[in-house]
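Engineer: Have a look at the structure that comes next, please.
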Amino acid sequence: RIAWVKIQDPSQIRTATAGKLNSSKTALISSMAAKNNAVIAINTDYMSNDPVKTSYEYRMGEKVRNKPNRKKDLLIIDQHGDFKLFQKSNQQEIDAWLTEGHQIINAFTFGPALVVDGQLIKMESGYGYAGDGKNPRMAIGQLDKLSYVLVLAEGRTKDSEGATHQELADFMAALGCQQAFNFDGGNSATMVYNGGYYQQKSKNNERTQSDMLYFATLVDTAGWQ
């Protein structure tokens, strides 16, 4: 499932949480999407699944925790809506990037990074999240300024067996991504568009999660039909 997204303002790429930032509360992505009037929404890294984990997490400019994980990759979205990927990053790398004038709006620890600065990444075996096996996957990529693509590989069905991390990386690179990142897959992989599922899923088998990434319209809701 592929969704091409072009926005006019960086404020249109947003995140939302089921509860307070440090809460373990979860909700359906479909419910959070409806609550926040999302045009399209996807799951991210389910940051409350392990609340004590070493990770770098920001949501809408607010820090949740900021301990880089040297075993996992990091996606940061800045104030311009641009993606920055850090592979097994450390604080010095992040600090150097921040001194260039960037601000952290959203940050996610998961991965792996699939495409970095236009270069396809060769996946290392054993990164985690059953990367060498075929499973449902969720990925987001930046194509150009304020231009993105969301990709969901369905799996574990008679129609789709899923994808490996490398297959997903190859696919994102073929789409022209300059930056691409893997989010939580398996039953977490959820894409909701215009109030409905953009995949073979229902509320009966949707997994509740702590947070989502979504795109919002700039059209005044008072003018909605």
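Letters for chains follow the order of the structure tokens (A, B, ...), residue numbers begin at 1 for each chain, and ligand numbers begin at 1 in the order shown.
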Write out as a PDB file with N, CA, C and O atoms, in the first residue's frame which residues come within 9 Å of Val39 of chain A when counting only C-alpha atoms, dropping same-chain ones fewer than 6 positions away.

Structural biologist:
```pdb
ATOM      1  N   ALA A  33      -6.762   8.850  14.731  1.00  0.00           N
ATOM      2  CA  ALA A  33      -6.859   9.572  13.466  1.00  0.00           C
ATOM      3  C   ALA A  33      -8.165  10.353  13.393  1.00  0.00           C
ATOM      4  O   ALA A  33      -8.186  11.519  12.982  1.00  0.00           O
ATOM      5  N   VAL A 192      -4.339   4.486   8.013  1.00  0.00           N
ATOM      6  CA  VAL A 192      -5.739   4.927   7.978  1.00  0.00           C
ATOM      7  C   VAL A 192      -5.831   6.149   7.077  1.00  0.00           C
ATOM      8  O   VAL A 192      -5.107   7.133   7.278  1.00  0.00           O
ATOM      9  N   TYR A 193      -6.691   6.084   6.081  1.00  0.00           N
ATOM     10  CA  TYR A 193      -6.850   7.186   5.127  1.00  0.00           C
ATOM     11  C   TYR A 193      -8.306   7.625   5.052  1.00  0.00           C
ATOM     12  O   TYR A 193      -9.204   6.795   4.833  1.00  0.00           O
ATOM     13  N   ASN A 194      -8.525   8.918   5.269  1.00  0.00           N
ATOM     14  CA  ASN A 194      -9.860   9.496   5.088  1.00  0.00           C
ATOM     15  C   ASN A 194     -10.920   8.733   5.881  1.00  0.00           C
ATOM     16  O   ASN A 194     -12.029   8.492   5.400  1.00  0.00           O
ATOM     17  N   GLY A 195     -10.548   8.320   7.086  1.00  0.00           N
ATOM     18  CA  GLY A 195     -11.505   7.671   7.976  1.00  0.00           C
ATOM     19  C   GLY A 195     -11.642   6.177   7.808  1.00  0.00           C
ATOM     20  O   GLY A 195     -12.394   5.526   8.543  1.00  0.00           O
ATOM     21  N   TYR A 214       0.741  11.628  11.516  1.00  0.00           N
ATOM     22  CA  TYR A 214      -0.342  11.881  10.566  1.00  0.00           C
ATOM     23  C   TYR A 214      -0.111  13.180   9.815  1.00  0.00           C
ATOM     24  O   TYR A 214       0.724  14.012  10.182  1.00  0.00           O
ATOM     25  N   PHE A 215      -0.865  13.328   8.734  1.00  0.00           N
ATOM     26  CA  PHE A 215      -0.841  14.552   7.940  1.00  0.00           C
ATOM     27  C   PHE A 215      -2.208  15.212   8.025  1.00  0.00           C
ATOM     28  O   PHE A 215      -3.241  14.540   7.940  1.00  0.00           O
ATOM     29  N   ALA A 216      -2.187  16.526   8.206  1.00  0.00           N
ATOM     30  CA  ALA A 216      -3.418  17.283   8.389  1.00  0.00           C
ATOM     31  C   ALA A 216      -3.626  18.254   7.227  1.00  0.00           C
ATOM     32  O   ALA A 216      -2.677  18.673   6.565  1.00  0.00           O
ATOM     33  N   THR A 217      -4.862  18.626   7.003  1.00  0.00           N
ATOM     34  CA  THR A 217      -5.198  19.587   5.968  1.00  0.00           C
ATOM     35  C   THR A 217      -5.016  21.013   6.479  1.00  0.00           C
ATOM     36  O   THR A 217      -5.105  21.266   7.681  1.00  0.00           O
TER      37      THR A 217
END
```

Engineer: Would you pick out the contacts of segment 150-163 of chain A at 10 Å or less, using only C-alpha atoms, so that residues sharing its chain but fewer than 3 positions from it are not included, and give the list as a count of residues only?

Structural biologist: 39

Engineer: Among segment 30-218 of chain A, which ones does DSSP assign to strand (DSSP E) (computed from the backbone)? Answer as number ranges by chain.

Structural biologist: A: 40-43, 56-59, 62-66, 73-78, 83-86, 104-110, 113-116, 119-120, 137-144, 147-153, 179-183, 191-193, 196-197, 208-209, 211-215

Engineer: Of the candidates A:Ser31, A:Thr17, A:Asn106, A:Gln178, which shows the shortest atom-to-atom distance to Tyr46 of chain A, using only C-alpha atoms?

Structural biologist: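 Of the candidates, the smallest distance to Tyr46 of chain A is held by A:Thr17.
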
Engineer: Check which residues of segment 90-179 of chain A sit at most 7 Å from segment 57-69 of chain A using only C-alpha atoms, and return one row each with the closest pair of atoms and their distance in Å to one decimal, ordered by chain and rising number, as CSV.

Structural biologist:
```
residue,atom,partner,partner_atom,distance
A:Asn90,CA,A:Pro68,CA,5.7
A:Gln91,CA,A:Pro68,CA,6.4
A:Ile104,CA,A:Gly61,CA,6.1
A:Ile105,CA,A:Gly61,CA,4.1
A:Asn106,CA,A:Tyr58,CA,4.7
A:Ala107,CA,A:Tyr58,CA,4.7
A:Phe108,CA,A:Glu57,CA,5.3
A:Thr109,CA,A:Glu57,CA,6.7
```

Engineer: Write a file of the selected residues as an mmCIF file, in the first residue's frame, keeping N, CA and C atoms.

Structural biologist:
```cif
data_model
loop_
_atom_site.group_PDB
_atom_site.id
_atom_site.type_symbol
_atom_site.label_atom_id
_atom_site.label_comp_id
_atom_site.auth_asym_id
_atom_site.auth_seq_id
_atom_site.Cartn_x
_atom_site.Cartn_y
_atom_site.Cartn_z
ATOM 1 N N ASN A 90 25.051 8.770 18.355
ATOM 2 C CA ASN A 90 25.443 9.185 19.700
ATOM 3 C C ASN A 90 25.088 10.654 19.876
ATOM 4 N N GLN A 91 25.160 11.129 21.089
ATOM 5 C CA GLN A 91 24.722 12.489 21.391
ATOM 6 C C GLN A 91 25.572 13.535 20.676
ATOM 7 N N ILE A 104 14.300 19.963 16.902
ATOM 8 C CA ILE A 104 13.659 18.649 16.914
ATOM 9 C C ILE A 104 12.163 18.829 17.154
ATOM 10 N N ILE A 105 11.373 18.453 16.172
ATOM 11 C CA ILE A 105 9.921 18.469 16.340
ATOM 12 C C ILE A 105 9.428 17.076 16.718
ATOM 13 N N ASN A 106 9.870 16.078 15.983
ATOM 14 C CA ASN A 106 9.526 14.690 16.307
ATOM 15 C C ASN A 106 10.763 13.818 16.149
ATOM 16 N N ALA A 107 10.902 12.837 17.020
ATOM 17 C CA ALA A 107 12.033 11.918 16.952
ATOM 18 C C ALA A 107 11.558 10.519 17.325
ATOM 19 N N PHE A 108 12.095 9.528 16.593
ATOM 20 C CA PHE A 108 11.648 8.147 16.765
ATOM 21 C C PHE A 108 12.845 7.208 16.772
ATOM 22 N N THR A 109 12.899 6.337 17.759
ATOM 23 C CA THR A 109 13.926 5.304 17.824
ATOM 24 C C THR A 109 13.301 3.982 17.405
#
```

Engineer: Apply DSSP to the structure's backbone, then extract all residues of segment 3-177 of chain A labelled alpha helix (DSSP H) and return them as an NGL selection string.

Structural biologist: :A and (29-35 or 91-98 or 165-174)

Engineer: Could you save the residues just selected, with N, CA, C and O atoms, as a compact mmCIF listing (two decimals), in the first residue's frame?

Structural biologist:
```txt
# COMPACT_ATOMS: atom_id res chain seq x y z
N ILE A 29 -5.10 3.30 16.21
CA ILE A 29 -4.65 4.34 15.29
C ILE A 29 -5.87 4.97 14.61
O ILE A 29 -5.95 6.19 14.43
N SER A 30 -6.85 4.14 14.25
CA SER A 30 -8.06 4.65 13.60
C SER A 30 -8.81 5.62 14.49
O SER A 30 -9.33 6.64 14.02
N SER A 31 -8.85 5.35 15.79
CA SER A 31 -9.54 6.25 16.73
C SER A 31 -8.77 7.55 16.90
O SER A 31 -9.36 8.64 16.92
N MET A 32 -7.44 7.45 17.02
CA MET A 32 -6.63 8.66 17.16
C MET A 32 -6.71 9.51 15.89
O MET A 32 -6.73 10.74 15.95
N ALA A 33 -6.76 8.85 14.73
CA ALA A 33 -6.86 9.57 13.47
C ALA A 33 -8.16 10.35 13.39
O ALA A 33 -8.19 11.52 12.98
N ALA A 34 -9.26 9.72 13.81
CA ALA A 34 -10.55 10.41 13.79
C ALA A 34 -10.57 11.58 14.77
O ALA A 34 -11.07 12.67 14.46
N LYS A 35 -10.00 11.37 15.95
CA LYS A 35 -9.98 12.41 16.98
C LYS A 35 -9.20 13.64 16.52
O LYS A 35 -9.56 14.78 16.86
N GLN A 91 25.16 11.13 21.09
CA GLN A 91 24.72 12.49 21.39
C GLN A 91 25.57 13.54 20.68
O GLN A 91 25.06 14.59 20.29
N GLN A 92 26.84 13.25 20.47
CA GLN A 92 27.71 14.21 19.80
C GLN A 92 27.24 14.47 18.37
O GLN A 92 27.26 15.62 17.90
N GLU A 93 26.82 13.43 17.68
CA GLU A 93 26.31 13.59 16.32
C GLU A 93 25.04 14.44 16.30
O GLU A 93 24.88 15.31 15.44
N ILE A 94 24.17 14.18 17.24
CA ILE A 94 22.92 14.94 17.32
C ILE A 94 23.21 16.39 17.67
O ILE A 94 22.64 17.32 17.07
N ASP A 95 24.10 16.61 18.62
CA ASP A 95 24.44 17.98 19.03
C ASP A 95 25.05 18.76 17.86
O ASP A 95 24.75 19.95 17.67
N ALA A 96 25.90 18.10 17.08
CA ALA A 96 26.51 18.77 15.93
C ALA A 96 25.46 19.18 14.91
O ALA A 96 25.53 20.28 14.33
N TRP A 97 24.48 18.33 14.71
CA TRP A 97 23.38 18.64 13.79
C TRP A 97 22.54 19.80 14.32
O TRP A 97 22.15 20.70 13.58
N LEU A 98 22.31 19.82 15.63
CA LEU A 98 21.51 20.89 16.24
C LEU A 98 22.21 22.25 16.14
O LEU A 98 21.54 23.28 16.00
N HIS A 165 13.53 -6.55 5.70
CA HIS A 165 14.03 -5.17 5.77
C HIS A 165 14.72 -4.77 4.47
O HIS A 165 14.55 -3.65 3.99
N GLN A 166 15.49 -5.70 3.89
CA GLN A 166 16.20 -5.34 2.66
C GLN A 166 15.24 -5.13 1.50
O GLN A 166 15.42 -4.21 0.69
N GLU A 167 14.23 -5.96 1.41
CA GLU A 167 13.23 -5.78 0.36
C GLU A 167 12.52 -4.44 0.53
O GLU A 167 12.25 -3.74 -0.46
N LEU A 168 12.24 -4.07 1.76
CA LEU A 168 11.60 -2.79 2.02
C LEU A 168 12.53 -1.64 1.66
O LEU A 168 12.10 -0.66 1.04
N ALA A 169 13.81 -1.75 2.02
CA ALA A 169 14.78 -0.72 1.68
C ALA A 169 14.91 -0.57 0.16
O ALA A 169 14.92 0.55 -0.37
N ASP A 170 15.00 -1.70 -0.55
CA ASP A 170 15.10 -1.66 -2.01
C ASP A 170 13.89 -0.96 -2.60
O ASP A 170 14.02 -0.16 -3.56
N PHE A 171 12.73 -1.24 -2.07
CA PHE A 171 11.49 -0.65 -2.57
C PHE A 171 11.46 0.86 -2.35
O PHE A 171 11.10 1.63 -3.25
N MET A 172 11.85 1.29 -1.16
CA MET A 172 11.84 2.73 -0.85
C MET A 172 12.84 3.47 -1.72
O MET A 172 12.57 4.59 -2.19
N ALA A 173 13.99 2.86 -1.96
CA ALA A 173 14.99 3.49 -2.83
C ALA A 173 14.46 3.61 -4.26
O ALA A 173 14.65 4.63 -4.92
N ALA A 174 13.76 2.57 -4.73
CA ALA A 174 13.21 2.57 -6.08
C ALA A 174 12.14 3.65 -6.25
O ALA A 174 11.93 4.14 -7.36
```

Engineer: Of the candidates A:Val149, A:Gly223, A:Ser210, A:Asn37, which one gets nearest to Lys20 of chain A if we count only C-alpha atoms?

Structural biologist: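 Selected residue with least distance to Lys20 of chain A: A:Ser210.
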
Engineer: Quick check, in Å to one decimal: how far apart do atom CA of Gly81 of chain A and atom CA of Lys53 of chain A lie?

Structural biologist: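 These two atoms are separated by 26.3 Å.
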
Engineer: If you count only C-alpha atoms, which residues fall within 7 Å of Thr44 of chain A, apart from same-chain ones fewer than 3 positions away, as a list in words?

Structural biologist: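 Once the adjacent positions are removed, what remains is Phe183, Asp184, Asp211, Met212 and Leu213 of chain A.
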
Engineer: Taking only C-alpha atoms into account, name the residue in A:Thr164, A:Gly19, A:Phe181, A:Asn205 that is nearest to Leu85 of chain A.

Structural biologist: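 Under the stated criterion, the closest residue is A:Phe181.
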
Engineer: Report, in Å to a single decimal, how far apart atom CA of Gly128 of chain A and atom CA of Lys72 of chain A are.

Structural biologist: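 If I compute the distance from atom CA of Lys72 of chain A to atom CA of Gly128 of chain A, I get 8.8 Å.
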